[in-house]
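With compact mmCIF, C-alpha atoms (C1' of nucleotides) inside, this is entry26.txt:
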# COMPACT_ATOMS: atom_id res chain seq x y z
CA MET A 454 1.61 -16.97 -14.98
CA LYS A 455 2.65 -16.58 -18.60
CA ASP A 456 4.99 -14.63 -20.80
CA LEU A 457 7.98 -15.47 -18.64
CA THR A 458 11.15 -17.02 -20.01
CA ALA A 459 12.48 -20.12 -18.27
CA LYS A 460 15.12 -18.10 -16.49
CA GLN A 461 12.73 -15.43 -15.40
CA ARG A 462 10.29 -18.03 -14.12
CA ALA A 463 13.03 -19.74 -12.12
CA ILE A 464 14.10 -16.47 -10.55
CA PHE A 465 10.53 -15.51 -9.79
CA GLU A 466 9.88 -18.85 -8.08
CA TYR A 467 13.00 -18.41 -6.00
CA ILE A 468 11.90 -14.93 -4.96
CA ARG A 469 8.39 -16.06 -4.09
CA GLU A 470 9.83 -18.80 -1.92
CA ARG A 471 12.14 -16.38 -0.15
CA VAL A 472 9.45 -13.79 0.42
CA GLU A 473 7.25 -16.35 2.22
CA ASN A 474 10.15 -17.72 4.21
CA PRO A 475 12.02 -16.15 5.92
CA GLY A 476 9.85 -13.21 5.00
CA ARG A 477 11.96 -10.74 3.13
CA PHE A 478 12.90 -10.02 -0.41
CA PRO A 479 16.31 -11.52 -1.25
CA SER A 480 19.06 -9.08 -2.15
CA TYR A 481 20.31 -8.79 -5.71
CA ARG A 482 23.53 -10.45 -4.68
CA GLU A 483 21.74 -13.35 -3.01
CA ILE A 484 19.76 -13.98 -6.16
CA GLY A 485 22.96 -13.77 -8.18
CA ARG A 486 24.67 -16.32 -5.96
CA ARG A 487 21.73 -18.70 -6.27
CA PHE A 488 21.90 -18.66 -10.07
CA GLN A 489 25.66 -18.29 -10.48
CA LEU A 490 25.39 -14.82 -11.88
CA ARG A 491 28.59 -12.89 -11.34
CA SER A 492 27.10 -9.49 -12.00
CA VAL A 493 24.35 -7.76 -10.10
CA ALA A 494 23.49 -6.00 -13.34
CA THR A 495 22.19 -9.32 -14.68
CA VAL A 496 19.95 -9.68 -11.67
CA ALA A 497 18.78 -6.10 -12.03
CA GLN A 498 17.89 -6.80 -15.64
CA HIS A 499 15.84 -9.87 -14.74
CA LEU A 500 14.04 -8.05 -11.97
CA LYS A 501 13.28 -5.18 -14.30
CA ALA A 502 11.75 -7.65 -16.74
CA LEU A 503 9.68 -9.23 -13.96
CA GLU A 504 8.52 -5.81 -12.86
CA GLU A 505 7.55 -4.79 -16.39
CA LYS A 506 5.58 -8.00 -16.81
CA GLY A 507 3.71 -7.38 -13.57
CA PHE A 508 5.20 -10.20 -11.52
CA LEU A 509 6.80 -7.78 -9.14
CA ILE A 510 5.57 -4.44 -7.93
CA ARG A 511 7.35 -1.56 -6.36
CA ASP A 512 6.21 -0.14 -3.02
CA GLY A 513 8.18 3.06 -3.00
CA ARG A 514 11.75 1.79 -3.07
CA GLN A 515 10.97 -1.82 -2.19
CA LEU A 516 10.22 -4.57 -4.70
CA ASN A 517 7.49 -7.00 -3.70
CA VAL A 518 5.53 -9.99 -4.89
CA PRO A 519 1.93 -8.92 -5.64
CA ASP A 520 -0.74 -10.50 -3.46
CA SER A 521 -2.15 -12.35 -6.46
CA TYR A 522 1.07 -14.35 -6.75
CA ARG A 523 1.57 -14.88 -3.04
CA GLU A 524 1.17 -18.35 -1.67
CA LYS A 525 -2.11 -18.84 0.10
CA LYS A 526 -2.11 -19.24 3.83
CA GLY A 527 -4.86 -20.53 6.06
CA VAL A 528 -7.32 -23.13 4.93
CA ALA A 529 -8.74 -23.28 1.44
CA ILE A 530 -12.49 -23.45 1.17
CA LEU A 531 -13.68 -25.81 -1.49
CA GLY A 532 -17.29 -25.40 -2.49
CA MET A 533 -19.46 -28.40 -1.83
CA VAL A 534 -20.99 -29.14 -5.16
CA GLN A 535 -23.35 -31.90 -6.12
CA ALA A 536 -21.53 -33.09 -9.18
CA GLY A 537 -17.85 -33.34 -9.87
CA SER A 538 -15.07 -33.68 -7.41
CA PRO A 539 -14.31 -30.42 -5.66
CA LEU A 540 -11.13 -31.93 -4.32
CA ALA A 541 -9.16 -32.44 -7.48
CA ALA A 542 -9.49 -29.11 -9.19
CA GLU A 543 -8.42 -25.72 -8.03
CA ALA A 544 -11.32 -24.47 -10.08
CA ASN A 545 -13.50 -24.98 -7.04
CA TYR A 546 -11.38 -22.76 -4.87
CA ASP A 547 -13.88 -20.65 -3.07
CA GLY A 548 -12.03 -18.41 -0.69
CA GLU A 549 -10.19 -18.98 2.48
CA LEU A 550 -10.75 -19.44 6.18
CA ARG A 551 -8.57 -17.20 8.25
CA LEU A 552 -8.72 -16.43 11.89
CA GLU A 553 -6.61 -13.39 11.13
CA ASP A 554 -9.59 -11.81 9.42
CA LEU A 555 -10.98 -11.34 12.89
CA GLY A 556 -10.13 -8.27 14.86
CA SER A 557 -7.20 -8.45 17.21
CA GLU A 558 -9.50 -8.07 20.22
CA THR A 559 -11.43 -11.17 19.32
CA PHE A 560 -11.21 -14.04 21.75
CA ALA A 561 -12.60 -17.52 22.17
CA VAL A 562 -14.42 -19.14 25.04
CA LYS A 563 -14.75 -22.85 25.63
CA VAL A 564 -18.36 -23.77 26.22
CA GLN A 565 -19.47 -25.62 29.31
CA GLY A 566 -22.93 -27.14 29.60
CA ASP A 567 -25.63 -27.71 27.05
CA SER A 568 -27.73 -24.57 27.29
CA MET A 569 -27.24 -23.73 23.60
CA ILE A 570 -27.57 -27.23 22.25
CA GLU A 571 -30.51 -26.41 20.01
CA ALA A 572 -28.36 -23.81 18.31
CA GLY A 573 -25.85 -26.53 17.53
CA ILE A 574 -23.40 -25.48 20.20
CA PHE A 575 -22.20 -28.32 22.38
CA GLU A 576 -20.03 -28.70 25.42
CA ASP A 577 -16.34 -28.11 24.66
CA ASP A 578 -17.05 -26.16 21.49
CA PHE A 579 -15.33 -22.82 21.20
CA VAL A 580 -17.38 -19.72 20.61
CA ILE A 581 -15.52 -16.91 18.92
CA VAL A 582 -16.40 -13.60 20.49
CA GLU A 583 -16.07 -10.05 19.25
CA PRO A 584 -16.00 -7.72 22.26
CA ARG A 585 -19.00 -5.41 22.42
CA GLU A 586 -20.97 -3.67 25.10
CA THR A 587 -24.21 -3.63 23.19
CA ALA A 588 -26.14 -6.14 21.10
CA ASN A 589 -29.08 -6.29 18.74
CA GLU A 590 -32.29 -8.22 19.25
CA GLY A 591 -31.65 -11.91 18.64
CA ASP A 592 -27.84 -11.78 18.65
CA MET A 593 -26.01 -14.59 20.29
CA VAL A 594 -23.91 -13.05 23.04
CA VAL A 595 -21.52 -13.84 25.82
CA ALA A 596 -22.61 -12.16 29.03
CA VAL A 597 -21.48 -11.86 32.60
CA VAL A 598 -24.33 -12.22 35.11
CA GLY A 599 -25.05 -12.64 38.77
CA GLU A 600 -23.22 -12.09 41.97
CA ASP A 601 -20.61 -14.70 41.12
CA GLN A 602 -19.88 -12.98 37.78
CA SER A 603 -20.48 -16.21 35.91
CA VAL A 604 -20.21 -16.22 32.14
CA THR A 605 -22.83 -17.61 29.79
CA VAL A 606 -23.60 -17.90 26.12
CA LYS A 607 -27.19 -16.96 25.31
CA TYR A 608 -29.47 -15.27 22.85
CA PHE A 609 -29.96 -11.58 23.55
CA HIS A 610 -33.52 -10.21 23.65
CA LYS A 611 -34.93 -6.91 24.75
CA SER A 612 -38.29 -6.80 26.50
CA PRO A 613 -40.27 -4.06 28.20
CA LYS A 614 -39.09 -5.46 31.51
CA GLY A 615 -35.43 -5.30 30.52
CA VAL A 616 -32.90 -7.58 28.90
CA GLU A 617 -33.62 -11.27 28.61
CA LEU A 618 -30.98 -13.92 27.95
CA ARG A 619 -32.57 -16.96 26.38
CA PRO A 620 -30.92 -20.36 26.18
CA ALA A 621 -31.40 -22.62 23.19
CA ASN A 622 -32.54 -25.54 25.29
CA GLU A 623 -36.08 -26.12 26.48
CA ALA A 624 -34.81 -27.58 29.72
CA TYR A 625 -33.52 -24.17 30.85
CA GLU A 626 -35.34 -20.97 31.72
CA PRO A 627 -34.49 -17.55 30.29
CA ILE A 628 -32.51 -15.25 32.54
CA ARG A 629 -33.95 -11.80 33.17
CA VAL A 630 -31.36 -9.24 34.05
CA ALA A 631 -33.53 -6.24 34.81
CA ASN A 632 -32.04 -5.54 38.19
CA ASP A 633 -28.70 -7.28 38.04
CA PRO A 634 -25.94 -4.80 38.82
CA ASN A 635 -23.37 -7.35 37.77
CA PHE A 636 -24.79 -7.81 34.28
CA ARG A 637 -22.34 -6.96 31.54
CA LEU A 638 -22.12 -7.90 27.90
CA ALA A 639 -18.75 -9.40 27.07
CA GLY A 640 -19.33 -9.57 23.36
CA ARG A 641 -21.17 -10.90 20.38
CA VAL A 642 -20.65 -14.46 19.16
CA VAL A 643 -19.37 -14.34 15.60
CA GLY A 644 -18.42 -17.95 15.15
CA VAL A 645 -18.33 -21.43 16.55
CA LEU A 646 -15.45 -23.85 16.27
CA ARG A 647 -15.44 -27.48 17.20
CA LYS A 648 -12.30 -29.60 17.28
CA LEU A 649 -12.87 -33.30 16.74
CA MET B 1024 10.03 -8.43 32.05
CA LYS B 1025 12.18 -6.89 34.73
CA ASP B 1026 15.56 -5.32 35.25
CA LEU B 1027 15.08 -2.88 32.42
CA THR B 1028 15.50 0.85 32.84
CA ALA B 1029 12.69 3.09 31.60
CA LYS B 1030 14.64 3.95 28.48
CA GLN B 1031 15.54 0.38 27.73
CA ARG B 1032 11.94 -0.69 28.20
CA ALA B 1033 10.73 2.02 25.81
CA ILE B 1034 13.22 1.00 23.16
CA PHE B 1035 12.39 -2.66 23.60
CA GLU B 1036 8.65 -1.97 23.20
CA TYR B 1037 9.36 -0.01 20.05
CA ILE B 1038 11.42 -2.85 18.64
CA ARG B 1039 8.82 -5.46 19.51
CA GLU B 1040 6.19 -3.40 17.75
CA ARG B 1041 8.34 -3.01 14.67
CA VAL B 1042 9.27 -6.67 14.51
CA GLU B 1043 5.57 -7.66 14.43
CA ASN B 1044 4.73 -4.99 11.90
CA PRO B 1045 6.03 -4.56 9.26
CA GLY B 1046 8.03 -7.63 10.16
CA ARG B 1047 11.65 -6.63 10.38
CA PHE B 1048 14.04 -5.38 12.94
CA PRO B 1049 14.40 -1.59 12.78
CA SER B 1050 17.83 -0.23 11.89
CA TYR B 1051 19.98 1.48 14.50
CA ARG B 1052 19.35 4.80 12.81
CA GLU B 1053 15.60 4.29 12.75
CA ILE B 1054 15.62 3.63 16.46
CA GLY B 1055 17.78 6.68 16.97
CA ARG B 1056 15.38 8.87 15.03
CA ARG B 1057 12.42 7.59 17.03
CA PHE B 1058 14.06 8.55 20.32
CA GLN B 1059 15.91 11.66 19.14
CA LEU B 1060 19.29 10.07 19.58
CA ARG B 1061 21.86 11.73 17.38
CA SER B 1062 24.43 8.97 17.66
CA VAL B 1063 24.08 5.38 16.58
CA ALA B 1064 26.57 4.55 19.30
CA THR B 1065 23.87 5.35 21.86
CA VAL B 1066 21.51 2.93 20.16
CA ALA B 1067 24.21 0.30 20.00
CA GLN B 1068 24.76 0.73 23.72
CA HIS B 1069 21.05 0.23 24.49
CA LEU B 1070 20.82 -2.80 22.24
CA LYS B 1071 23.88 -4.30 23.85
CA ALA B 1072 22.24 -3.86 27.24
CA LEU B 1073 19.03 -5.49 25.99
CA GLU B 1074 21.01 -8.36 24.56
CA GLU B 1075 22.93 -8.88 27.79
CA LYS B 1076 19.68 -8.91 29.75
CA GLY B 1077 18.20 -11.51 27.42
CA PHE B 1078 15.55 -9.36 25.77
CA LEU B 1079 17.21 -9.70 22.41
CA ILE B 1080 19.05 -12.64 20.95
CA ARG B 1081 21.51 -12.88 18.13
CA ASP B 1082 20.91 -15.27 15.22
CA GLY B 1083 24.29 -15.16 13.66
CA ARG B 1084 24.59 -11.51 12.70
CA GLN B 1085 20.94 -10.62 13.14
CA LEU B 1086 19.37 -9.36 16.35
CA ASN B 1087 15.92 -10.72 17.15
CA VAL B 1088 13.17 -10.66 19.72
CA PRO B 1089 13.01 -14.05 21.49
CA ASP B 1090 9.80 -16.03 20.99
CA SER B 1091 8.94 -15.65 24.66
CA TYR B 1092 8.57 -11.90 24.22
CA ARG B 1093 6.78 -12.04 20.90
CA GLU B 1094 3.18 -10.91 20.76
CA LYS B 1095 0.66 -13.69 20.46
CA LYS B 1096 -1.23 -14.06 17.22
CA GLY B 1097 -4.46 -15.86 16.53
CA VAL B 1098 -7.36 -15.93 18.92
CA ALA B 1099 -6.91 -16.23 22.65
CA ILE B 1100 -8.88 -18.94 24.36
CA LEU B 1101 -10.28 -17.90 27.68
CA GLY B 1102 -11.46 -20.71 29.88
CA MET B 1103 -15.14 -20.69 30.67
CA VAL B 1104 -15.31 -20.80 34.40
CA GLN B 1105 -18.34 -20.76 36.65
CA ALA B 1106 -17.18 -18.05 38.98
CA GLY B 1107 -15.16 -14.98 38.29
CA SER B 1108 -14.82 -13.11 35.08
CA PRO B 1109 -12.51 -14.81 32.60
CA LEU B 1110 -12.60 -11.70 30.47
CA ALA B 1111 -10.79 -9.28 32.69
CA ALA B 1112 -7.74 -11.23 33.65
CA GLU B 1113 -5.04 -12.71 31.50
CA ALA B 1114 -4.76 -15.28 34.23
CA ASN B 1115 -7.41 -17.26 32.42
CA TYR B 1116 -5.44 -17.40 29.22
CA ASP B 1117 -5.80 -20.95 28.12
CA GLY B 1118 -4.06 -21.38 24.83
CA GLU B 1119 -4.73 -20.21 21.38
CA LEU B 1120 -6.82 -21.06 18.36
CA ARG B 1121 -4.80 -21.17 15.20
CA LEU B 1122 -5.70 -22.48 11.82
CA GLU B 1123 -2.00 -22.56 11.10
CA ASP B 1124 -1.64 -25.47 13.49
CA LEU B 1125 -3.35 -27.53 10.85
CA GLY B 1126 -1.33 -29.16 8.13
CA SER B 1127 -0.88 -27.27 4.92
CA GLU B 1128 -2.93 -29.84 3.04
CA THR B 1129 -5.95 -29.24 5.19
CA PHE B 1130 -8.95 -27.76 3.47
CA ALA B 1131 -12.50 -26.77 4.31
CA VAL B 1132 -15.79 -27.70 2.71
CA LYS B 1133 -19.00 -25.78 3.04
CA VAL B 1134 -21.81 -28.07 4.08
CA GLN B 1135 -25.00 -28.38 2.06
CA GLY B 1136 -28.06 -30.12 3.42
CA ASP B 1137 -28.92 -31.33 6.88
CA SER B 1138 -27.72 -34.91 6.86
CA MET B 1139 -25.40 -34.35 9.84
CA ILE B 1140 -27.72 -32.17 11.86
CA GLU B 1141 -27.77 -34.50 14.85
CA ALA B 1142 -24.00 -34.14 15.07
CA GLY B 1143 -24.48 -30.38 15.33
CA ILE B 1144 -23.42 -29.69 11.76
CA PHE B 1145 -25.79 -27.45 9.89
CA GLU B 1146 -26.12 -26.14 6.37
CA ASP B 1147 -23.46 -23.53 5.54
CA ASP B 1148 -21.13 -24.68 8.29
CA PHE B 1149 -17.57 -25.38 7.26
CA VAL B 1150 -16.06 -28.74 7.98
CA ILE B 1151 -12.29 -28.74 8.24
CA VAL B 1152 -10.83 -31.76 6.52
CA GLU B 1153 -7.48 -33.46 6.82
CA PRO B 1154 -6.82 -35.43 3.63
CA ARG B 1155 -6.68 -39.17 4.19
CA GLU B 1156 -7.42 -42.27 2.20
CA THR B 1157 -8.36 -44.40 5.17
CA ALA B 1158 -10.46 -43.92 8.27
CA ASN B 1159 -11.20 -45.62 11.55
CA GLU B 1160 -14.53 -46.96 12.69
CA GLY B 1161 -16.78 -44.07 13.72
CA ASP B 1162 -14.70 -41.26 12.22
CA MET B 1163 -16.52 -38.43 10.58
CA VAL B 1164 -15.32 -38.31 7.00
CA VAL B 1165 -15.74 -36.54 3.71
CA ALA B 1166 -16.26 -39.03 0.91
CA VAL B 1167 -16.82 -39.04 -2.80
CA VAL B 1168 -19.54 -41.46 -3.90
CA GLY B 1169 -21.65 -42.45 -6.84
CA GLU B 1170 -21.54 -42.01 -10.54
CA ASP B 1171 -21.81 -38.23 -10.27
CA GLN B 1172 -18.84 -38.11 -7.88
CA SER B 1173 -20.87 -36.21 -5.33
CA VAL B 1174 -19.30 -35.28 -2.04
CA THR B 1175 -20.81 -35.97 1.36
CA VAL B 1176 -20.03 -35.68 5.04
CA LYS B 1177 -20.88 -38.84 6.96
CA TYR B 1178 -19.82 -41.15 9.73
CA PHE B 1179 -17.54 -43.94 8.59
CA HIS B 1180 -18.39 -47.51 9.60
CA LYS B 1181 -17.06 -50.85 8.51
CA SER B 1182 -19.38 -53.80 8.22
CA PRO B 1183 -19.02 -57.35 6.90
CA LYS B 1184 -20.72 -56.19 3.73
CA GLY B 1185 -18.31 -53.33 3.20
CA VAL B 1186 -18.09 -49.68 4.12
CA GLU B 1187 -21.17 -47.90 5.36
CA LEU B 1188 -21.56 -44.10 5.45
CA ARG B 1189 -24.07 -43.12 8.07
CA PRO B 1190 -25.75 -39.74 8.28
CA ALA B 1191 -26.57 -38.11 11.61
CA ASN B 1192 -30.19 -37.60 10.70
CA GLU B 1193 -32.95 -40.17 11.09
CA ALA B 1194 -34.64 -38.93 7.95
CA TYR B 1195 -31.82 -40.26 5.80
CA GLU B 1196 -30.65 -43.78 5.10
CA PRO B 1197 -27.05 -44.98 5.39
CA ILE B 1198 -25.14 -45.33 2.17
CA ARG B 1199 -23.50 -48.68 1.49
CA VAL B 1200 -20.54 -48.47 -0.80
CA ALA B 1201 -19.69 -52.14 -1.23
CA ASN B 1202 -19.67 -52.06 -5.00
CA ASP B 1203 -19.20 -48.42 -5.81
CA PRO B 1204 -16.17 -48.00 -8.06
CA ASN B 1205 -16.36 -44.25 -7.59
CA PHE B 1206 -16.11 -44.39 -3.82
CA ARG B 1207 -13.14 -42.54 -2.45
CA LEU B 1208 -12.32 -41.07 0.92
CA ALA B 1209 -11.38 -37.43 0.68
CA GLY B 1210 -10.39 -37.05 4.27
CA ARG B 1211 -11.23 -37.04 7.93
CA VAL B 1212 -13.20 -34.22 9.52
CA VAL B 1213 -11.07 -32.63 12.24
CA GLY B 1214 -13.16 -29.58 12.98
CA VAL B 1215 -16.31 -27.63 12.34
CA LEU B 1216 -16.53 -23.89 11.95
CA ARG B 1217 -19.65 -21.79 11.81
CA LYS B 1218 -19.65 -18.12 10.92
CA LEU B 1219 -22.56 -16.16 12.34
C1' DA C 744 36.54 10.49 47.12
C1' DA C 745 36.61 6.71 43.91
C1' DA C 746 34.13 3.47 41.14
C1' DG C 747 30.38 2.12 38.59
C1' DT C 748 26.07 2.64 35.89
C1' DT C 749 23.30 4.94 32.64
C1' DA C 750 23.00 8.02 29.06
C1' DC C 751 24.59 10.53 25.34
C1' DC C 752 27.75 12.58 21.60
C1' DG C 753 30.71 12.89 17.00
C1' DA C 754 33.52 10.56 13.92
C1' DA C 755 35.21 7.04 11.29
C1' DC C 756 35.36 2.19 9.38
C1' DA C 757 34.37 -1.60 6.27
C1' DC C 758 30.61 -3.74 4.10
C1' DG C 759 26.33 -4.75 1.61
C1' DC C 760 22.87 -2.56 -0.81
C1' DG C 761 20.31 -1.00 -5.35
C1' DT C 762 21.34 1.45 -9.43
C1' DT C 763 23.53 2.58 -13.70
C1' DC C 764 26.83 2.57 -17.68
C1' DG C 765 29.21 0.43 -21.38
C1' DA C 766 30.16 -3.74 -23.63
C1' DA C 767 29.63 -8.24 -25.30
C1' DC C 768 27.41 -12.78 -27.22
C1' DC C 769 23.69 -15.43 -29.24
C1' DG C 770 19.57 -16.44 -30.98
C1' DT C 771 15.04 -15.03 -33.84
C1' DC C 772 12.32 -12.22 -36.77
C1' DA C 773 11.80 -9.10 -40.61
C1' DT D 1492 21.79 -8.27 -43.40
C1' DG D 1493 20.30 -5.67 -39.78
C1' DA D 1494 17.41 -4.94 -35.80
C1' DC D 1495 15.83 -6.72 -31.61
C1' DG D 1496 15.48 -9.13 -27.26
C1' DG D 1497 17.43 -12.22 -23.82
C1' DT D 1498 21.43 -13.02 -21.19
C1' DT D 1499 25.71 -12.14 -19.26
C1' DC D 1500 29.75 -9.42 -17.68
C1' DG D 1501 32.86 -5.83 -14.98
C1' DA D 1502 33.16 -1.57 -12.81
C1' DA D 1503 31.80 2.21 -10.41
C1' DC D 1504 28.53 5.33 -7.72
C1' DG D 1505 26.24 6.98 -3.54
C1' DC D 1506 23.82 5.46 0.35
C1' DG D 1507 22.47 2.96 4.55
C1' DT D 1508 24.07 -0.45 7.52
C1' DG D 1509 26.31 -2.35 12.05
C1' DT D 1510 30.41 -1.74 14.66
C1' DT D 1511 33.88 0.56 17.27
C1' DC D 1512 36.70 4.23 19.53
C1' DG D 1513 37.22 8.10 22.48
C1' DG D 1514 35.10 11.44 25.23
C1' DT D 1515 31.42 13.95 28.32
C1' DA D 1516 28.05 14.25 31.89
C1' DA D 1517 24.75 13.07 35.71
C1' DC D 1518 23.59 9.94 39.19
C1' DT D 1519 24.15 5.98 42.62
C1' DT D 1520 26.87 2.83 45.14
C1' DT D 1521 30.85 1.70 47.66
Starting from the coordinates I provided, produce the structure as C-alpha cells.
Amino acid sequence: MKDLTAKQRAIFEYIRERVENPGRFPSYREIGRRFQLRSVATVAQHLKALEEKGFLIRDGRQLNVPDSYREKKGVAILGMVQAGSPLAAEANYDGELRLEDLGSETFAVKVQGDSMIEAGIFEDDFVIVEPRETANEGDMVVAVVGEDQSVTVKYFHKSPKGVELRPANEAYEPIRVANDPNFRLAGRVVGVLRKL
Amino acid sequence: MKDLTAKQRAIFEYIRERVENPGRFPSYREIGRRFQLRSVATVAQHLKALEEKGFLIRDGRQLNVPDSYREKKGVAILGMVQAGSPLAAEANYDGELRLEDLGSETFAVKVQGDSMIEAGIFEDDFVIVEPRETANEGDMVVAVVGEDQSVTVKYFHKSPKGVELRPANEAYEPIRVANDPNFRLAGRVVGVLRKL
DNA sequence: AAAGTTACCGAACACGCGTTCGAACCGTCA
DNA sequence: TGACGGTTCGAACGCGTGTTCGGTAACTTT
C-alpha cells in the first residue's frame, strides 16, 4: 500500500471498512459527508485517483475493493517453523482456513464410539463429509449399513467378495456389505475437527 | 412458512436468493422484470403483503429478510445416531460448524512432528489457537521456548519447580521452563482440524 | 348482490445516485 | 515564471430508486 497521499489513504481505509461492514460500497455523498467535502466532484476525483493507482477496480459500473486489499476472514494459518516466532510477523502468513471453501452440500457428523481411534478420530470429534455415492480404495467414508440404517465412519476397501468397511481399531471386525440391501455410501470424509 | 400465496412465495424465494447472493436486496424494478410485471406498483403491493405477513422486515428505510428465514451458512452438523439415517432428514440438524464463531484473533498452526500423537494430533494437522498469555493446569497450549524461539504444542502443567510442558508421546521428555527467559505462551489450543 | 382479496396496470413524484464541466487555490518541480 | 498535481467548490445532467394514486379485472367469501 504505497503511493497514496494522506487524504487518499484515509478515504481508502474508510471505504475498505464500509465494504466489509455493512457490505456495500459507500455512496459518493456518504464519503463526502464523512470527510466534510461539500462537493461530490471532490469525492469523484479521489476515487478516480484510487482507481488509477489500482486500489479500486471497476466491475462494470460498480467500484470495488480488490481482493488483495480486502480484510482476511476465517482463521490465519501460521507456518510452524523451527526457528523464529511465527506469531509476531505476518511474514509467516501461510494461507487461511475456511469452511466456506467446502462445497455447500458438505456436512459434518459427530462421531460416536472409538472404531476409528487408530486414525486419530475420537468420540465427539466431527468428521466433515463431502456427499458421494462412490469411493476409491482406502478412502475414509461415512456409510449407512444394516437393517437399522445405522451410520458409521470406516475405511472403504473393495475385495472380490464385495465392499469391506474396515475400522481403525483392532478391537473391531471389518464389516462386509456384500449382500446388504441397506448399504449406502453417504460420502467421503474430507476433514476432521475436534473442539477442545 | 405459511399463509403465502403462490405468487408471494415465488417472489419471496427470489428475494431470499438475491439477498444471499450477491448480497443485496433487489430493486422493485428488478423484481418486476423477473416476474414480467410491468408496474412497480404491483411489486410494491407484493412486498407490502410480505412485510405484513412478517416475511420481510424494515430496518429504517431498508427492507430485509429476517434472520429466521435466512439460509444457513457453514457446515451443518448432523447428529450421529445409532438407528435411522441422519442424512435424509433435516430433523437431525444439530447446529452448525463455523470458524467465524471464533474470535478474530484466533489463528491456526500447522503441526510438525509427533509429540502430541497420543492426544490424536498428528503431523500436518492444524491446531486452532486462541491467543492467551496464561493457561490453566492441563490445558493444551502453544508455547515459544528456548534460545531459538521455537514453537511447540504441549500440555501445560504447573509444578513447584515452575512450568512444565508435557508432550503426549512417551518417546519425548517434558520440557521444564523454570529459567527460560524466552518462554512465552502463544495461546490455548481450542480445536484441531485435519484435512484429508 | 355486495364486500373483500389477490393481482395487475400506467403515470407521476421527489430523492439519491454517479458523472461531468468549469473554476479556483496552493504547493512543488523544472 | 510557468507547468503540474492535489484538493476543493458549485451546478447541472440523466438515470434508477421507492412511494403513492387511481383504476381494472377475476375470484372467493359473506
Test item: which residues lie within 9 Å of (28.6, 16.7, 22.8) counting all atoms listed in the file, as a list in words: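 Counting all atoms listed in the file, I find these residues within 9 Å of (28.6, 16.7, 22.8): DC751, DC752 and DG753 of chain C; DG1514 and DT1515 of chain D.
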Residue contacts of Glu583 (chain A) (7 Å, only C-alpha atoms (C1' of nucleotides)) excluding same-chain residues fewer than 2 positions away, as a PyMOL selection string: chain A and resi 558-560+581+585+640-643
Taking all atoms listed in the file into account, produce a table as JSON lines in which each residue of chain A with an atom at most 10 Å from an atom of chain D appears once, together with its shortest atom pair and the distance in Å to one decimal, ordered by chain and rising number.
{"residue": "A:Thr458", "atom": "CA", "partner": "D:DG1497", "partner_atom": "C1'", "distance": 8.8}
{"residue": "A:Lys460", "atom": "CA", "partner": "D:DT1498", "partner_atom": "C1'", "distance": 9.4}
{"residue": "A:Leu490", "atom": "CA", "partner": "D:DT1499", "partner_atom": "C1'", "distance": 7.9}
{"residue": "A:Arg491", "atom": "CA", "partner": "D:DC1500", "partner_atom": "C1'", "distance": 7.3}
{"residue": "A:Ser492", "atom": "CA", "partner": "D:DC1500", "partner_atom": "C1'", "distance": 6.3}
{"residue": "A:Val493", "atom": "CA", "partner": "D:DC1500", "partner_atom": "C1'", "distance": 9.5}
{"residue": "A:Ala494", "atom": "CA", "partner": "D:DC1500", "partner_atom": "C1'", "distance": 8.3}
{"residue": "A:Thr495", "atom": "CA", "partner": "D:DT1499", "partner_atom": "C1'", "distance": 6.4}
{"residue": "A:Val496", "atom": "CA", "partner": "D:DT1499", "partner_atom": "C1'", "distance": 9.8}
{"residue": "A:Gln498", "atom": "CA", "partner": "D:DT1498", "partner_atom": "C1'", "distance": 9.1}
{"residue": "A:His499", "atom": "CA", "partner": "D:DT1498", "partner_atom": "C1'", "distance": 9.1}
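One distance worth recording is that between CA of Gln1172 (chain B) and CA of Val1200 (chain B), which is 12.7 Å.
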Distance in Å - CA of Asp578 (chain A) versus CA of Val616 (chain A): 25.5 Å
Chain A contacts on chain C, all atoms listed in the file, 10 Å, as a list in words: DG759, DC760, DG761, DT762 and DT763 of chain C
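CA of Met1163 (chain B) is found 19.1 Å from CA of Asn1205 (chain B).
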